[in-house]
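Comments concern the structure below.
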Amino acid sequence: MDLYYQSTRDSSLRVTASQAVLQGLAPDGGLFVPGKIPELGVELPRLASMTYQETALAVMKQFLTDYTEEELKDCIRKAYDDKFDTEAVAPLAKAGGFYYLELFHGPTIAFKDMALSILPHLMTRAAEKNHLDKEIVILTATSGDTGKAAMAGFADVPGTRIIVFYPRDGVSQVQKLQMVTQKGANVDVVAVTGNFDDAQSGVKALFRDKDLAAEMAAAGRQFSSANSINIGRLVPQIVYYVYAYGRLLENEEIQAGDKINIVVPTGNFGNILAAYYAKQMGLPIDRLICASNDNKVLFDFFQTGVYDRNRQFLLTISPSMDILISSNLERLLYEITGRDDEETLRRMEELRDAGRYEISGEMRKRLHDFRAGYATEEETCTQIRKVWEKTSYLIDPHTAVASKVCEEIRAEEELEGVCVVASTASPYKFVKSVLSAVDRHYKDREELDLIPELEKISGVEMPRAIREILTESPRHRLECAPAEMKETVRRILGI
């Protein structure tokens with residue numbers, strides 16, 4: 001049976017999977033969700049022998065039902081190839097009692113590659129299936145990693161264009177260099193003189209702008225999104241949790257049916273939402289652990305039932321989590337309201353107008369699968385150093401936040417079962433923060449000068465993504481204020 005998608009703010013709005021991928025955001029500003037969460041459709045013991053590509057097909061065909069199996073196989077084959085530096089695509093590393101699911105072996109050394117390597121192929125297929133005669137303009141805000149991964153995925157893809165906005169002072173030097181050196185005739189990158197929430201709110205406003213949509217249509221173009229608000233980003237993220245379960249089975253660390261715990265460093269809530277969907281499909285997951293940094297808006301939400309973005313925005317050494325408006329939480333909100341679009345819309349309007357909303361006691365009960373914690377800057381650095389000294393395994397700051405929170409919650413609750421920590425970025429992405437945590441004397445060194453030092457200390461070869469930025473010159477120098485984003489897009493597109 002075909003699975004249709006509906007808006008979190010209007011359940012009567014129904015589209016196919018390929019239409020949801022093309023549109024990105026629903027016309028009413030809501031997010032597309034499947035009419036129901038499908039079953040996994042694979043016997044658990046079989047996961048032990050499945051490759052990443054086979055697992056991707058098994059999961060994605062359950063959600064993307066208007067794509068043929070052959071179309072999905074083609075998209076998967078093109079996405080998960082030698083762009084990844086390991087045949088496993090997402091290997092599991094055991095260190096200090098946890099399993100780290102390494103999601104950083106793709107072309108931009110961050111977990112966004114796992115979905116953004118396949119999204120361009122899903123989108124161009126969707127355009128063909130829906131007889132789209134317009135150029136697709138991907139409009140994306142990034143806290144550091146989505147932008148580069150999206151640009152790498154869409155660079156020079158026929159029929160597409162991509163514009164990425166990033167917070168000028170809110171990304172690491174490596175992240176910035178990765179973006180401003182990106183090649184591609186269809187690629188534009190803009191630094192926003194604000195924080196990530198400013199950039200993300202600006203992009204959402206552009207999606208809702210009917211006058212701009214009319215101008216775009218007249219020019220033969222339409223917007224879509226590569227952020228995790230796009231269901232074409234979210235579905236591929238479910239895959240690696242299912243794959244991780246298969247690897248634990250293969251290594252005889254668990255038996256089929258044993259429950260595991262998933263720990264995710266969380267900003268926009270997409271990555272942990274994918275784990276939640278995996279659990280709803282039937283993957284044996286016990287606890288979903290949401291780990292925050294000092295911008296602990298999600299931790300406070302799970303503790304109190306109040307989501308409140310009215311607080312100071314802090315820049316941290318885990319910038320991909322420096323977010324106060326977690327867009328994908330709307331999808332979870334829709335589920336815990338009992339899929340009530342009016343209740344969801346009301347709370348999203350409260351968030352827009354007052355900067356906060358509160359959920360009911362009944363809704364809080366439906367969050368029983370979740371646990372939350374947070375790590376301060378000092379605790380994050382301590383965790384990097386501790387894991388390194390005990391295991392000789394080096395982790396980036398985002399992964400360290402999740403590792404510290406998992407350690408804390410396991411001690412408090414005596415968690416049963418294996419803990420799988422989503423390792424979302426390579427240490428090379430945040431080399432100065434990582435090395436300064438290991439040894440303070442690196443603190444006064446230039447970030448790029450420390451890259452060879454990281455290679456020597458870790459014994460891990462410098463990734464291709466890093467070698468490339470050391471030899472490339474910047475190509476993109478555009479800047480704008482948040483209020484100038486619309487005019488900047490119009491100027492880039494010549495409309």
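Labeling convention for the structure tokens: chains A, B, ... as they appear, residues from 1 per chain, ligands from 1 in order of appearance.
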
DSSP alpha helix (DSSP H) residues within segment 136-373 of chain A, as a VMD selection string: chain A and resid 146 to 154 173 to 180 196 to 208 210 to 218 231 to 250 270 to 281 297 to 304 329 to 336 341 to 354 361 to 365

Identify, on the basis of only C-alpha atoms, every residue whose closest approach to Glu487 of chain A does not exceed 12 Å; exclude the query and any residue fewer than 6 positions from it along the same chain; express the result as a PyMOL selection string. chain A and resi 202+206+212+479-481+493-495

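By chain and then residue number, the residues within 10 Å of Gly257 of chain A are A:Leu44, A:Pro45, A:Tyr245, A:Leu249, A:Gly282, A:Leu283, A:Pro284, A:Ile285, counting only C-alpha atoms and disregarding those fewer than 6 positions away in sequence.
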
Work out how far atom CA of Gly459 of chain A is from atom CA of Gly153 of chain A, in Å to one decimal. 28.8 Å

For Arg490 of chain A, find every residue with an atom within 12 Å (counting only C-alpha atoms), except residues of its own chain fewer than 4 positions away, and show them as a ChimeraX atom specification. /A:137,163,206,211-213,215-216,219,221,484-486,494-495

Could those residues be written to a file, using N, CA, C and O atoms, as a PDB file, in the first residue's frame?
```pdb
ATOM      1  N   VAL A 137      15.409  24.948  -6.324  1.00  0.00           N
ATOM      2  CA  VAL A 137      16.367  25.770  -5.588  1.00  0.00           C
ATOM      3  C   VAL A 137      16.370  25.311  -4.127  1.00  0.00           C
ATOM      4  O   VAL A 137      15.387  25.499  -3.405  1.00  0.00           O
ATOM      5  N   ILE A 163      21.444  27.321  -2.188  1.00  0.00           N
ATOM      6  CA  ILE A 163      21.880  28.514  -1.458  1.00  0.00           C
ATOM      7  C   ILE A 163      21.912  28.160   0.028  1.00  0.00           C
ATOM      8  O   ILE A 163      20.908  27.727   0.588  1.00  0.00           O
ATOM      9  N   LEU A 206      11.188  32.593   4.218  1.00  0.00           N
ATOM     10  CA  LEU A 206      11.254  32.608   2.753  1.00  0.00           C
ATOM     11  C   LEU A 206      10.381  31.513   2.151  1.00  0.00           C
ATOM     12  O   LEU A 206       9.744  31.712   1.109  1.00  0.00           O
ATOM     13  N   ASP A 211       4.620  35.923  -2.094  1.00  0.00           N
ATOM     14  CA  ASP A 211       5.066  36.811  -3.174  1.00  0.00           C
ATOM     15  C   ASP A 211       6.353  36.289  -3.807  1.00  0.00           C
ATOM     16  O   ASP A 211       6.505  36.285  -5.033  1.00  0.00           O
ATOM     17  N   LEU A 212       7.270  35.846  -2.948  1.00  0.00           N
ATOM     18  CA  LEU A 212       8.529  35.302  -3.458  1.00  0.00           C
ATOM     19  C   LEU A 212       8.275  34.016  -4.244  1.00  0.00           C
ATOM     20  O   LEU A 212       8.891  33.783  -5.291  1.00  0.00           O
ATOM     21  N   ALA A 213       7.356  33.172  -3.752  1.00  0.00           N
ATOM     22  CA  ALA A 213       7.015  31.926  -4.462  1.00  0.00           C
ATOM     23  C   ALA A 213       6.480  32.239  -5.860  1.00  0.00           C
ATOM     24  O   ALA A 213       6.810  31.536  -6.829  1.00  0.00           O
ATOM     25  N   GLU A 215       7.167  34.944  -7.670  1.00  0.00           N
ATOM     26  CA  GLU A 215       8.320  35.401  -8.468  1.00  0.00           C
ATOM     27  C   GLU A 215       9.154  34.216  -8.931  1.00  0.00           C
ATOM     28  O   GLU A 215       9.624  34.178 -10.077  1.00  0.00           O
ATOM     29  N   MET A 216       9.345  33.262  -8.013  1.00  0.00           N
ATOM     30  CA  MET A 216      10.110  32.061  -8.351  1.00  0.00           C
ATOM     31  C   MET A 216       9.429  31.278  -9.467  1.00  0.00           C
ATOM     32  O   MET A 216      10.071  30.860 -10.434  1.00  0.00           O
ATOM     33  N   ALA A 219       9.812  32.690 -12.779  1.00  0.00           N
ATOM     34  CA  ALA A 219      11.173  32.510 -13.298  1.00  0.00           C
ATOM     35  C   ALA A 219      11.503  31.034 -13.549  1.00  0.00           C
ATOM     36  O   ALA A 219      12.651  30.697 -13.870  1.00  0.00           O
ATOM     37  N   ARG A 221      11.252  28.444 -11.305  1.00  0.00           N
ATOM     38  CA  ARG A 221      11.975  27.842 -10.180  1.00  0.00           C
ATOM     39  C   ARG A 221      11.015  27.555  -9.032  1.00  0.00           C
ATOM     40  O   ARG A 221       9.951  28.150  -8.931  1.00  0.00           O
ATOM     41  N   GLU A 484      18.139  40.843   5.544  1.00  0.00           N
ATOM     42  CA  GLU A 484      18.482  41.000   4.124  1.00  0.00           C
ATOM     43  C   GLU A 484      18.475  39.673   3.353  1.00  0.00           C
ATOM     44  O   GLU A 484      18.845  39.637   2.175  1.00  0.00           O
ATOM     45  N   MET A 485      18.037  38.592   4.008  1.00  0.00           N
ATOM     46  CA  MET A 485      18.128  37.273   3.366  1.00  0.00           C
ATOM     47  C   MET A 485      17.261  37.177   2.108  1.00  0.00           C
ATOM     48  O   MET A 485      17.677  36.615   1.092  1.00  0.00           O
ATOM     49  N   LYS A 486      16.049  37.735   2.153  1.00  0.00           N
ATOM     50  CA  LYS A 486      15.170  37.666   0.978  1.00  0.00           C
ATOM     51  C   LYS A 486      15.794  38.384  -0.205  1.00  0.00           C
ATOM     52  O   LYS A 486      15.846  37.841  -1.319  1.00  0.00           O
ATOM     53  N   GLY A 494      18.686  36.356  -9.519  1.00  0.00           N
ATOM     54  CA  GLY A 494      18.388  37.293 -10.598  1.00  0.00           C
ATOM     55  C   GLY A 494      16.909  37.477 -10.838  1.00  0.00           C
ATOM     56  O   GLY A 494      16.452  37.575 -11.992  1.00  0.00           O
ATOM     57  N   ILE A 495      16.108  37.527  -9.756  1.00  0.00           N
ATOM     58  CA  ILE A 495      14.647  37.710  -9.921  1.00  0.00           C
ATOM     59  C   ILE A 495      14.194  39.008  -9.252  1.00  0.00           C
ATOM     60  O   ILE A 495      14.908  39.601  -8.473  1.00  0.00           O
TER      61      ILE A 495
END
```

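The protein and nucleic acid residues lying at most 8 Å from Asp188 of chain A are Ile162, Ile163, Val164, His476 and Ile492 of chain A, with only C-alpha atoms considered and sequence neighbours fewer than 4 positions away removed.
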
For Asn271 of chain A, list every protein, DNA or RNA residue within 12 Å, evaluated using only C-alpha atoms, and leave out those in the same chain fewer than 2 positions away; present the list as a ChimeraX atom specification. /A:103,111-112,114-115,227-229,233-241,262-269,273-278,288-291,320-321,326-329,421-424

Could you pull out the residues in segment 40-223 of chain A that DSSP calls strand (DSSP E) from the backbone, as number ranges by chain? A: 92-95, 98-102, 135-141, 160-167, 187-192, 221-223

Taking only C-alpha atoms into account, which of A:Asn195, A:Ser426, A:Ser143, A:Thr304 comes nearest Glu461 of chain A? A:Ser426

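Computed from the coordinates, the atom CA of Asn293 of chain A to atom CA of Val401 of chain A distance equals 6.5 Å.
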
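Distance check against Leu367 of chain A using only C-alpha atoms: of A:Leu248, A:Val187, A:Ile384, A:Leu333, the minimum falls on A:Leu333.
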
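Closest to Thr140 of chain A among A:Gln200, A:Ala127, A:Leu122, A:Phe63 is A:Gln200, based on only C-alpha atoms.
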
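For the pair atom CA of Thr316 of chain A and atom CA of Val297 of chain A, the separation is 14.2 Å.
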
From A:Arg331, A:Pro482, A:Ser172, A:Val420, residue lying nearest Lys432 of chain A [only C-alpha atoms]: A:Ser172

Distance criterion (only C-alpha atoms): nearest to Thr399 of chain A out of A:Val33, A:Leu345, A:Met1, A:Ala110: A:Ala110
